[in-house]
Amino acid sequence: MTDAAVADRIQFAFTVMFHYLFPITTMGLAPLLVLLTTLHLRTGDDRYGRAAQFWGRIFAINFAAGVVTGIPMEFQFGTNWASFSAFTGSVIGQTLAMEGIFAFFLESGFLAVFLFGAGRVSPVLHWLSSVLLAAGALISGFFITATDAWMQHPVGYRVAHGRVELTSLWALITNPFAYWQYLHVINGAFLAGSMLMASIGAFYLLRGRHTGFGRLSVLIGLTLGTVFSITQIFPTGDMNARNVVHYQPVKQAAYEGLFRSQADAPIAIIGMPSTEQHRLLDPIEVPGLLSFLSYGEAQKTVPGLDRFPTDSWPPVQVTYYAYHIMVGLGTIFLALLGLGVLLAWRRRLFGSPWYLWLLMLALPFPYIANEAGWVVTEVGRQPWLVWGLMPTSRGTSPTVEAGETIFTLLGFAGIYSVLIAGVVFLLGRQIVLGPDRKPAPRRRLVRTR
Amino acid sequence: MESVWFAVIVFVLTVYTVLDGFDLGVGLLHPWAARTEPERRTVLASIGPVWDGNEVWLIAFGGLLFLAFPRVYAAGFSGFYLPLMMVLWLLIGRGIAIEWRHGLDDPMWKAPLDLLFFACSGLLALLFGLAVGNVVRGVPLDPQGYYQGLFAWMLNPYALLIGALSLTLLALHGANWLALKTEGTLQQRARGIARWLLRVLTPVLALATLATFGVRAGMLHNYRAAPALLVVPLLVAGTVAALWLYRSRDHDLGAFACSSGLIAGLAAATAIGLHPYLLPSEPLPERGLTIANAASNSHSLAVGLLWLSFGLTVVVSHMLFVYALFRGKVAEGGQEPSDTEYV
């Protein structure tokens, strides 16, 4: 791999992982926002209205950061991955353009109505703007996941004239790889959104401020979070993993750290992969579980890394650790949130500060788990850029050199440092101000003629 | 089919320039138009609900170019590598300047963001002009259809002239928007700026037109082949005349419509001149990327057009809804989302 390709990969990984922090929040808060605006519309209860306003403000700050960090993603295909773009544009261009046309316009238009239109449109229309805003966020997630799914499992194309040509748009958007992957991605964001809500609610309860709002946030976040933490594992995680087993067995061998093909294959809970000795060091394993999870039968043979030539392996350590972080955290979330529901059921939730502390401090972990999941998907796809079609080293721009990419990477690093400081400051300020921030007297934004 | 897609790309880029053009222009001239904090807020409120949607047209342009002419997307974006990265950084800076300003009511927070808003808007207008100038002039494509467009090469007199045209035109467009959306002192100032810019624009535009035929004589080829097309440049000239008329009568809506028409007319006139080239090559014209050698396969173009015709109908209708919702003058002293119920 050339220096340029390494620099391109680092830049893409950095900018996309930074960007994704914000869509996790906006996609995750989207259904919660709709829930709150719906409750407000149905009951007329001001508590829901104020909660929707508060989370709307949090949403808006993240949305703005998501927009400005999202634009570089689309343009980087052309700037740093020109050969890939020229090779796959007929297919990839479809889903990326659809995202712009069907999702971004919807989001930007109705976010404006939702934020600025409160006094100008009817309550029903205002509610509808929150629904369309949420729809935009979820549609955007779908097209991006469908784009990625095609790179994992290309469908609906032929190779002709030295490039990929689309033969079926329908096959592209009904890619069997895309559906479970999308549901897993979006459910992961929902889980993070729920935990964010519960975490901020727990903060207010521990502080003894805005306790009504805090209880509402903890209860909604905890209840939905528990449901999402279950569906994150089953069915979405399980089915997504089965797709990997089916279409990308070498990726599964890498993330499970399974060096030797074997029947009755174990799952490693902990262990350090050694690519020198081709085995896990100090493993703690559950025998037979991997065969069972992969095929539904403990006796079946699971292909290990020994089944594949070494040069077709993804980077084993990164893939393995990212996967184990994701799965480990997912299991802990289920336990943590399940415990909360149990406490709530025994009516001891709000009298258990130790639990509220746990809930509050859990805030960063769903973000780590979501990012780790994408690391498994993308690093595990190596050495391919498009699975079986184009190696990563061949996708870069012929005229962009490593020195140029490192320069722009440093530029992004600097700008994003300022950006994250600003976002943290603005979010922190909203949390300190709290949900009861007195709204200024309602004035009309624009005077109609 | 390829020609239809050429028209689609030009259309989307033109809509982007007309729409984001006025909020870029507003950013560029707001230090002169708005002197006090309430005036600044009024200026921001005039573009607050729409600027983000306007910018989505640029993203749509990127996606559609990727779909229809992947080689142009690849060669153009990697060729103008550093300038394009700077465009991305400027878009980031501009976005946060607009969205963060109302986050804290403190002059020490707002002053640097106002400067950022101004600088990013101005540099974006300049870079967009430079890019157009260099595309029209032609880029040194290698046999594979790639090139390395460094600043040392991009900053040629012709491209700088187009950069100056872009700055003046978008600033004028922004001044027309402000005059349309505001009242009182702010409106008077915006009108004054617009009149001044119009006096600058007219000779710059004439000079740029002549220079274009100087650097690319081929721009006249399509007009010679179909003289009826000359109606487009004539319309552009007519729009400039109408702009003078409306500006002298302080007819703000007419003036804004004319500057929108002027941008669209210039885009159309340039596109007609370039067709079938998307990225002309100089000094070896035969290496140029055209709608024939850069297009995706016909199935991709056909299904793309199918969903796009549906998609654009939806987009245009809800954009019209949003613009209609926020039509009319911005309230004096402005209002920002922080003052409303939701942000």
# chains A, B, ... in the order shown; residues from 1 in each chain; ligands from 1
>>> residues_around(residues="stretch 78-93 of chain B", least_positions_apart="3", cutoff="8 Å", atoms="only C-alpha atoms", output="PyMOL selection string")
(chain A and resi 68-69+71-72+78-82+397+399-400+404+408+412+415) or (chain B and resi 74-75+96-97+116-117+120-121+123-124+127+146-151)
>>> select_by_dssp(residues="stretch 129-333 of chain A", states="helix (DSSP H, G or I)", output="PyMOL selection string")
chain A and resi 129-152+169-173+176-207+211-247+249-256+289-295+305-307+310-312+316-333
>>> interface_residues(of="chain A", to="chain B", cutoff="7 Å", atoms="only C-alpha atoms", output="mmCIF file with C-alpha atoms, in the first residue's frame")
data_model
loop_
_atom_site.group_PDB
_atom_site.id
_atom_site.type_symbol
_atom_site.label_atom_id
_atom_site.label_comp_id
_atom_site.auth_asym_id
_atom_site.auth_seq_id
_atom_site.Cartn_x
_atom_site.Cartn_y
_atom_site.Cartn_z
ATOM 1 C CA GLN A 53 -38.158 22.063 23.046
ATOM 2 C CA GLY A 56 -35.011 20.024 19.920
ATOM 3 C CA ARG A 57 -32.266 22.446 20.979
ATOM 4 C CA ALA A 64 -25.559 21.796 12.454
ATOM 5 C CA VAL A 68 -20.883 20.876 8.191
ATOM 6 C CA THR A 69 -18.861 17.714 8.831
ATOM 7 C CA ILE A 71 -20.280 17.763 3.299
ATOM 8 C CA PRO A 72 -16.574 16.773 3.290
ATOM 9 C CA GLY A 78 -13.902 12.559 -5.559
ATOM 10 C CA THR A 79 -10.899 14.265 -3.993
ATOM 11 C CA ASN A 80 -9.090 11.333 -2.394
ATOM 12 C CA ALA A 82 -10.921 9.352 -7.608
ATOM 13 C CA SER A 83 -10.137 5.949 -9.146
ATOM 14 C CA SER A 85 -15.261 7.106 -7.947
ATOM 15 C CA ALA A 86 -14.599 6.741 -11.660
ATOM 16 C CA GLY A 89 -19.962 6.094 -9.980
ATOM 17 C CA SER A 90 -22.713 4.396 -11.953
ATOM 18 C CA GLY A 93 -23.623 7.799 -7.378
ATOM 19 C CA GLN A 94 -27.210 6.557 -7.319
ATOM 20 C CA LEU A 96 -25.439 9.151 -2.715
ATOM 21 C CA ALA A 97 -27.504 11.371 -4.996
ATOM 22 C CA GLY A 100 -29.190 14.315 -1.115
ATOM 23 C CA ILE A 101 -32.467 14.565 -2.983
ATOM 24 C CA PHE A 102 -34.711 12.498 -0.718
ATOM 25 C CA PHE A 104 -31.099 16.272 3.025
ATOM 26 C CA PHE A 105 -33.654 18.593 1.462
ATOM 27 C CA SER A 108 -33.000 21.061 6.144
ATOM 28 C CA GLY A 109 -36.429 22.314 5.069
ATOM 29 C CA ALA A 112 -36.289 25.266 9.655
ATOM 30 C CA LEU A 115 -37.162 25.550 14.796
ATOM 31 C CA PHE A 116 -38.395 28.832 13.366
ATOM 32 C CA ALA A 118 -43.442 27.469 16.081
ATOM 33 C CA GLU A 165 -22.151 -0.456 -14.557
ATOM 34 C CA LEU A 166 -25.509 -0.493 -12.808
ATOM 35 C CA THR A 167 -27.908 -3.085 -14.172
ATOM 36 C CA SER A 397 -6.567 9.529 -6.699
ATOM 37 C CA THR A 399 -2.740 12.927 -8.901
ATOM 38 C CA VAL A 400 -3.125 13.437 -5.142
ATOM 39 C CA LEU A 426 -22.964 24.921 23.428
ATOM 40 C CA PRO A 439 -38.828 31.599 26.240
ATOM 41 C CA ALA A 440 -38.848 35.208 25.112
ATOM 42 C CA ARG A 442 -43.324 35.162 21.041
ATOM 43 C CA LEU A 445 -40.089 36.247 12.677
ATOM 44 C CA VAL A 446 -41.274 37.864 9.505
ATOM 45 C CA ARG A 447 -43.984 40.398 8.969
ATOM 46 C CA THR A 448 -46.248 39.335 6.183
ATOM 47 C CA ARG A 449 -47.236 42.016 3.762
#
>>> residues_around(residues="stretch 35-38 of chain A", least_positions_apart="5", cutoff="9 Å", atoms="only C-alpha atoms", output="ChimeraX atom specification")
/A:30,43,48-49,51-53,126-127,130-131
>>> atom_distance(atom1="atom CA of A:Pro249", atom2="atom CA of A:Ser294")
10.2 Å
>>> closest_residue(among="A:Ala335, A:Ala344, A:Leu281, A:Leu169", to="B:Leu306", atoms="only C-alpha atoms")
A:Leu169
>>> select_by_dssp(residues="stretch 264-362 of chain A", states="strand (DSSP E)", output="PyMOL selection string")
chain A and resi 267-274+279-286+301-302
